[in-house]
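Peer 1: So I've got this file, query_27.tsv, and it contains TSV, C-alpha atoms:
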chain	number	residue	atom	x	y	z
D	24	MET	CA	-157.84	126.61	-25.47
D	25	GLU	CA	-160.01	123.79	-24.12
D	26	GLN	CA	-158.24	120.45	-23.92
D	27	ARG	CA	-159.67	117.83	-26.25
D	28	THR	CA	-160.69	114.54	-24.70
D	29	TYR	CA	-161.93	111.17	-25.90
D	30	LYS	CA	-164.42	111.12	-23.00
D	31	GLN	CA	-163.70	107.44	-22.36
D	32	TYR	CA	-163.13	105.81	-18.98
D	33	CYS	CA	-160.20	103.81	-20.34
D	34	ALA	CA	-156.52	103.93	-19.39
D	35	THR	CA	-155.38	104.17	-23.02
D	36	ALA	CA	-157.84	106.96	-23.80
D	37	ARG	CA	-156.95	108.84	-20.63
D	38	THR	CA	-153.24	108.61	-21.53
D	39	LEU	CA	-153.92	109.94	-25.02
D	40	ASP	CA	-155.92	112.77	-23.47
D	41	LEU	CA	-152.66	113.78	-21.78
D	42	ILE	CA	-150.06	113.18	-24.49
D	43	GLY	CA	-151.97	112.62	-27.73
D	44	GLU	CA	-151.80	116.17	-29.09
D	45	ARG	CA	-149.34	116.82	-31.92
D	46	TRP	CA	-145.74	117.53	-30.73
D	47	THR	CA	-146.42	116.43	-27.14
D	48	VAL	CA	-144.80	112.99	-27.44
D	49	LEU	CA	-141.81	114.55	-29.20
D	50	LEU	CA	-141.44	117.05	-26.37
D	51	ILE	CA	-141.37	114.16	-23.92
D	52	ARG	CA	-138.80	112.43	-26.14
D	53	GLU	CA	-136.55	115.49	-25.87
D	54	LEU	CA	-136.92	115.73	-22.10
D	55	LEU	CA	-136.23	112.03	-21.54
D	56	THR	CA	-132.54	112.73	-22.19
D	57	GLY	CA	-132.34	115.45	-19.54
D	58	PRO	CA	-133.51	119.01	-18.79
D	59	LYS	CA	-133.77	121.34	-21.78
D	60	ARG	CA	-133.99	125.09	-22.11
D	61	PHE	CA	-136.79	126.60	-24.18
D	62	SER	CA	-134.24	127.48	-26.87
D	63	ASP	CA	-132.91	123.90	-26.88
D	64	LEU	CA	-136.41	122.59	-27.55
D	65	GLN	CA	-136.94	125.14	-30.31
D	66	ALA	CA	-133.71	124.05	-32.00
D	67	SER	CA	-134.59	120.35	-31.85
D	68	LEU	CA	-138.23	120.71	-32.88
D	69	ARG	CA	-138.12	122.78	-36.03
D	70	GLY	CA	-141.59	123.45	-37.30
D	71	LEU	CA	-143.02	123.88	-33.82
D	72	GLY	CA	-143.82	127.56	-33.40
D	73	THR	CA	-142.91	129.51	-30.29
D	74	GLY	CA	-146.53	129.96	-29.21
D	75	LEU	CA	-147.44	126.30	-29.63
D	76	LEU	CA	-144.25	125.18	-27.85
D	77	ALA	CA	-145.12	127.40	-24.89
D	78	ALA	CA	-148.68	126.02	-24.88
D	79	ARG	CA	-147.51	122.40	-24.98
D	80	LEU	CA	-145.03	122.98	-22.14
D	81	LYS	CA	-147.72	124.70	-20.09
D	82	HIS	CA	-149.99	121.70	-20.67
D	83	LEU	CA	-147.28	119.26	-19.53
D	84	GLU	CA	-146.70	121.37	-16.42
D	85	HIS	CA	-150.42	121.60	-15.66
D	86	GLU	CA	-150.81	117.84	-15.96
D	87	GLY	CA	-147.82	117.10	-13.73
D	88	LEU	CA	-145.64	115.61	-16.46
D	89	ALA	CA	-142.99	118.36	-16.61
D	90	ARG	CA	-141.70	121.10	-14.33
D	91	LYS	CA	-139.43	124.12	-14.47
D	92	VAL	CA	-135.94	123.73	-13.04
D	93	THR	CA	-132.77	125.81	-12.85
D	94	LEU	CA	-129.73	124.30	-14.51
D	95	PRO	CA	-126.63	123.98	-12.31
D	96	PRO	CA	-123.59	126.26	-12.72
D	97	PRO	CA	-122.23	127.56	-14.95
D	98	ALA	CA	-125.52	127.74	-16.89
D	99	ARG	CA	-127.87	128.81	-14.06
D	100	THR	CA	-130.71	129.23	-16.56
D	101	SER	CA	-134.33	128.12	-16.50
D	102	ALA	CA	-135.13	124.80	-18.15
D	103	TYR	CA	-137.78	122.10	-18.28
D	104	ALA	CA	-137.50	118.58	-16.88
D	105	LEU	CA	-139.83	115.62	-16.59
D	106	THR	CA	-141.52	114.79	-13.32
D	107	GLU	CA	-141.62	111.22	-12.01
D	108	ALA	CA	-144.84	110.64	-13.95
D	109	GLY	CA	-143.34	112.03	-17.15
D	110	ALA	CA	-140.15	109.99	-16.80
D	111	GLU	CA	-142.18	106.79	-16.44
D	112	LEU	CA	-143.33	107.26	-20.03
D	113	ALA	CA	-139.81	106.21	-21.13
D	114	PRO	CA	-140.65	102.52	-21.76
D	115	ALA	CA	-143.63	103.48	-23.92
D	116	ILE	CA	-141.57	105.99	-25.94
D	117	LEU	CA	-138.77	103.44	-26.39
D	118	GLU	CA	-141.26	100.83	-27.61
D	119	LEU	CA	-142.58	103.35	-30.14
D	120	ALA	CA	-138.99	103.89	-31.31
D	121	ARG	CA	-138.40	100.13	-31.66
D	122	TRP	CA	-141.63	99.74	-33.63
D	123	GLY	CA	-140.64	102.67	-35.84
D	124	LEU	CA	-137.21	101.21	-36.58
D	125	LYS	CA	-138.90	98.07	-37.89
D	126	TRP	CA	-142.06	99.37	-39.53
D	127	ALA	CA	-141.70	103.10	-40.23
D	128	MET	CA	-138.09	103.93	-41.07
D	129	ASP	CA	-136.78	103.89	-44.61
D	130	GLU	CA	-134.58	106.35	-46.48
D	131	ARG	CA	-134.51	109.92	-45.22
D	132	ARG	CA	-136.91	112.21	-47.08
D	133	GLU	CA	-135.72	115.52	-48.50
D	134	ASP	CA	-137.91	117.62	-46.19
D	135	GLU	CA	-137.03	115.76	-42.98
D	136	THR	CA	-134.82	117.38	-40.37
D	137	PHE	CA	-132.39	115.30	-38.34
D	138	HIS	CA	-130.45	115.84	-35.13
D	139	PRO	CA	-127.73	113.34	-34.23
D	140	GLY	CA	-128.63	113.84	-30.59
D	141	TRP	CA	-131.87	111.96	-31.16
D	142	ALA	CA	-129.69	108.84	-31.24
D	143	VAL	CA	-129.20	109.18	-27.48
D	144	LEU	CA	-132.68	107.74	-27.01
D	145	GLY	CA	-132.35	105.44	-30.03
D	146	LEU	CA	-129.30	103.74	-28.51
D	147	ARG	CA	-131.36	102.92	-25.45
D	148	ALA	CA	-134.12	101.53	-27.65
D	149	CYS	CA	-131.73	99.15	-29.44
D	150	PHE	CA	-129.71	98.10	-26.40
D	151	ASP	CA	-129.48	94.35	-25.66
D	152	ALA	CA	-129.10	94.13	-21.89
D	153	ASP	CA	-128.48	90.37	-21.89
D	154	ALA	CA	-125.60	90.71	-24.36
D	155	ALA	CA	-124.08	93.45	-22.19
D	156	ALA	CA	-123.79	91.31	-19.06
D	157	GLY	CA	-120.28	91.69	-17.63
D	158	ILE	CA	-119.28	94.41	-20.12
D	159	HIS	CA	-118.00	97.81	-18.99
D	160	VAL	CA	-117.30	100.44	-21.65
D	161	VAL	CA	-117.67	104.19	-22.17
D	162	CYS	CA	-118.01	105.41	-25.75
D	163	GLU	CA	-118.16	109.01	-26.96
D	164	PHE	CA	-119.79	109.91	-30.27
D	165	ARG	CA	-118.86	113.07	-32.18
D	166	VAL	CA	-121.29	113.63	-35.04
D	167	ASP	CA	-120.31	116.89	-36.73
D	168	GLU	CA	-120.90	119.48	-33.97
D	169	GLU	CA	-122.94	117.25	-31.64
D	170	VAL	CA	-121.34	115.19	-28.89
D	171	PHE	CA	-122.97	112.50	-26.75
D	172	HIS	CA	-121.84	109.37	-24.98
D	173	ILE	CA	-122.95	106.06	-23.56
D	174	ARG	CA	-121.80	104.18	-20.48
D	175	VAL	CA	-122.42	100.42	-20.45
D	176	ASP	CA	-122.06	98.83	-17.04
D	177	ASP	CA	-122.83	95.11	-16.66
D	178	GLY	CA	-126.13	94.98	-18.55
D	179	THR	CA	-127.22	98.57	-18.01
D	180	ILE	CA	-126.83	101.61	-20.24
D	181	GLU	CA	-126.67	105.33	-19.57
D	182	ALA	CA	-126.89	107.56	-22.66
D	183	LEU	CA	-126.30	111.28	-22.21
D	184	HIS	CA	-125.65	114.44	-24.19
D	185	GLY	CA	-122.19	115.94	-23.91
D	186	PRO	CA	-118.67	114.49	-23.78
D	187	ALA	CA	-117.57	111.59	-21.56
D	188	GLN	CA	-114.93	112.23	-18.90
D	189	HIS	CA	-112.78	109.17	-19.61
D	190	PRO	CA	-114.02	107.41	-22.76
D	191	ASP	CA	-112.62	104.04	-23.76
D	192	LEU	CA	-113.66	104.76	-27.35
D	193	VAL	CA	-114.27	107.88	-29.40
D	194	ILE	CA	-116.19	107.58	-32.67
D	195	THR	CA	-116.04	110.65	-34.93
D	196	ILE	CA	-118.41	110.46	-37.88
D	197	SER	CA	-120.12	112.79	-40.36
D	198	GLU	CA	-123.85	113.37	-40.06
D	199	ASN	CA	-124.52	111.84	-43.49
D	200	ALA	CA	-122.60	108.68	-42.60
D	201	PHE	CA	-124.42	108.52	-39.27
D	202	VAL	CA	-127.78	108.71	-41.04
D	203	GLU	CA	-126.69	105.81	-43.24
D	204	LEU	CA	-125.92	103.75	-40.14
D	205	ILE	CA	-129.39	104.43	-38.75
D	206	GLY	CA	-130.97	103.66	-42.12
D	207	GLN	CA	-129.00	100.39	-42.26
D	208	THR	CA	-127.56	101.30	-45.66
D	209	SER	CA	-123.98	101.29	-44.39
D	210	THR	CA	-121.85	100.00	-41.53
D	211	LEU	CA	-119.33	101.67	-39.25
D	212	ALA	CA	-116.55	99.61	-40.84
D	213	GLU	CA	-117.55	100.92	-44.28
D	214	ALA	CA	-117.66	104.50	-42.97
D	215	VAL	CA	-114.14	104.10	-41.56
D	216	THR	CA	-112.91	102.67	-44.87
D	217	THR	CA	-114.28	105.63	-46.84
D	218	GLY	CA	-112.93	108.16	-44.35
D	219	ALA	CA	-116.40	109.28	-43.22
D	220	ALA	CA	-115.61	108.03	-39.70
D	221	THR	CA	-112.64	107.50	-37.42
D	222	VAL	CA	-112.35	105.44	-34.27
D	223	SER	CA	-109.82	105.93	-31.47
D	224	GLY	CA	-109.35	103.86	-28.36
D	225	ASP	CA	-109.63	100.19	-27.45
D	226	ARG	CA	-110.60	98.33	-30.65
D	227	GLU	CA	-111.36	95.14	-28.72
D	228	ARG	CA	-114.04	97.02	-26.79
D	229	LEU	CA	-115.37	98.39	-30.07
D	230	SER	CA	-116.07	94.86	-31.32
D	231	ARG	CA	-117.86	94.09	-28.06
D	232	LEU	CA	-119.84	97.31	-28.25
D	233	ALA	CA	-121.11	96.53	-31.74
D	234	ARG	CA	-122.78	93.37	-30.43
D	235	LEU	CA	-124.77	95.25	-27.81
D	236	PHE	CA	-127.12	97.08	-30.16
D	237	ARG	CA	-129.62	95.25	-32.31
D	238	LEU	CA	-131.51	97.10	-35.01
D	239	PRO	CA	-134.68	95.15	-35.83
D	240	SER	CA	-135.04	93.62	-39.28
D	241	ARG	CA	-137.07	95.86	-41.54
D	242	GLY	CA	-140.73	94.98	-41.87
D	243	VAL	CA	-142.84	95.89	-44.89
D	244	ARG	CA	-146.29	97.27	-44.27
D	245	GLN	CA	-148.71	95.94	-46.86
D	246	ALA	CA	-152.09	97.41	-47.59
D	247	PRO	CA	-154.84	94.92	-48.53
D	248	GLN	CA	-155.25	94.43	-52.25
D	249	PRO	CA	-158.53	95.42	-53.91
D	250	SER	CA	-161.07	92.60	-54.01
D	251	GLY	CA	-160.57	90.31	-56.98
D	252	GLN	CA	-156.96	91.38	-57.68
D	253	ALA	CA	-154.49	88.54	-57.96
D	254	SER	CA	-151.65	88.46	-55.46
Could the structure of this file be written out as structure tokens, please?
Peer 2:
Amino acid sequence: MEQRTYKQYCATARTLDLIGERWTVLLIRELLTGPKRFSDLQASLRGLGTGLLAARLKHLEHEGLARKVTLPPPARTSAYALTEAGAELAPAILELARWGLKWAMDERREDETFHPGWAVLGLRACFDADAAAGIHVVCEFRVDEEVFHIRVDDGTIEALHGPAQHPDLVITISENAFVELIGQTSTLAEAVTTGAATVSGDRERLSRLARLFRLPSRGVRQAPQPSGQAS
């Protein structure tokens, strides 16, 4: 299949030539949190057929944005990882996430899939580095069957899939309650009160941690009114 192009000598157009096809940005989103096996990508990107997934990965490889790797023991299986060029798309993807939290997110629709692991990137998008100066904390999240963790170290954040070795805090929460947190229709304190979440560990660090992530205030997109209609 011939690659579509805008045929414009423009940095934005050239970038969209590389990553503008449907599913490509989401593939990069998945790989930003670490190498993934083909089956991992299939599980996270429901609706993306096997043939199209293979084609998109081949495209990313051909353009020098992704490469095949072998996972370390005990897995020792083939996976895909971003190259240096692919990894440098992280700021752009995080800005898209921040914009989406303000202007695109509302209540979850009935036909929308959700994976708690997507929050690994979302936590990075909402992180306030200035507020985290001097703070050191490791927090593990257990959302139904998915486990991921963050490590805050004096203004920096590392967010990874899998359990933490020595977490200061462990937050166990149901997927539905977690979705409500993302949708800003509930708080962690409310989830704990209702029994939808539990927290173990240093509660003082929990209060500090809560101040390090800032969800943007919701914006309302407004289409222009028809000419002559009163506002």
Peer 1: Please measure the separation of atom CA of His184 of chain D and atom CA of Phe171 of chain D, giving the value in Å to one decimal.
Peer 2: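 Pair atom CA of His184 of chain D / atom CA of Phe171 of chain D returns 4.2 Å.
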Peer 1: If we count all atoms listed in the file and set the cut-off at 9 Å, which residues sit around Phe201 of chain D, ignoring sequence neighbours fewer than 2 positions away in its own chain? Please answer as a list in words.
Peer 2: Pro139, Val166, Ile196, Ser197, Glu198, Asn199, Glu203, Leu204, Ile205, Gly206, Ser209, Leu211, Ala214, Ala219 and Ala220 of chain D
Peer 1: Around the point (-117.8, 98.3, -15.9) in the file's coordinates, collect all residues with an atom within 9 Å, using all atoms listed in the file, and return them as a VMD selection string.
Peer 2: chain D and resid 157 to 161 174 to 177
Peer 1: Using only C-alpha atoms, which residues sit within 6 Å of Phe150 of chain D once same-chain residues fewer than 3 positions away are excluded, as a ChimeraX atom specification?
Peer 2: /D:147,235-236
Peer 1: At what distance in Å, to one decimal, does atom CA of Asp129 of chain D lie from atom CA of Ala246 of chain D?
Peer 2: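 Atom-to-atom, atom CA of Ala246 of chain D to atom CA of Asp129 of chain D, that is 16.9 Å.
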Peer 1: Between atom CA of Asp151 of chain D and atom CA of Arg231 of chain D, what is the distance, to one decimal in Å?
Peer 2: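 The value is 11.9 Å.
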Peer 1: Which residues, written as a list in words, have at least one atom at most 8 Å from segment 93-108 of chain D, with all atoms listed in the file counted and residues fewer than 3 positions away on the same chain left out?
Peer 2: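 So the residues in contact are Ile51, Leu54, Leu55, Gly57, Pro58, Lys59, Arg60, Phe61, Gly87, Leu88, Ala89, Arg90, Glu111 and Leu112 of chain D.
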Peer 1: Pick from D:Thr56, D:Lys81, D:Gln248, D:Thr195: nearest to Gly145 of chain D, with only C-alpha atoms counted?
Peer 2: D:Thr56
Peer 1: Just want the 12 Å neighbourhood of Ala148 of chain D, counted on only C-alpha atoms, with same-chain residues fewer than 3 positions away dropped. Output as a VMD selection string.
Peer 2: chain D and resid 52 113 to 125 141 to 145 151 to 152 180 to 182 235 to 239
Peer 1: Using the selection just defined, write its residues with C-alpha atoms as a CSV table (one decimal), in the coordinates of the input.
Peer 2:
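See selection_6.csv below for the written result:
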chain,number,residue,atom,x,y,z
D,52,ARG,CA,-138.8,112.4,-26.1
D,113,ALA,CA,-139.8,106.2,-21.1
D,114,PRO,CA,-140.6,102.5,-21.8
D,115,ALA,CA,-143.6,103.5,-23.9
D,116,ILE,CA,-141.6,106.0,-25.9
D,117,LEU,CA,-138.8,103.4,-26.4
D,118,GLU,CA,-141.3,100.8,-27.6
D,119,LEU,CA,-142.6,103.4,-30.1
D,120,ALA,CA,-139.0,103.9,-31.3
D,121,ARG,CA,-138.4,100.1,-31.7
D,122,TRP,CA,-141.6,99.7,-33.6
D,123,GLY,CA,-140.6,102.7,-35.8
D,124,LEU,CA,-137.2,101.2,-36.6
D,125,LYS,CA,-138.9,98.1,-37.9
D,141,TRP,CA,-131.9,112.0,-31.2
D,142,ALA,CA,-129.7,108.8,-31.2
D,143,VAL,CA,-129.2,109.2,-27.5
D,144,LEU,CA,-132.7,107.7,-27.0
D,145,GLY,CA,-132.4,105.4,-30.0
D,151,ASP,CA,-129.5,94.4,-25.7
D,152,ALA,CA,-129.1,94.1,-21.9
D,180,ILE,CA,-126.8,101.6,-20.2
D,181,GLU,CA,-126.7,105.3,-19.6
D,182,ALA,CA,-126.9,107.6,-22.7
D,235,LEU,CA,-124.8,95.2,-27.8
D,236,PHE,CA,-127.1,97.1,-30.2
D,237,ARG,CA,-129.6,95.2,-32.3
D,238,LEU,CA,-131.5,97.1,-35.0
D,239,PRO,CA,-134.7,95.2,-35.8
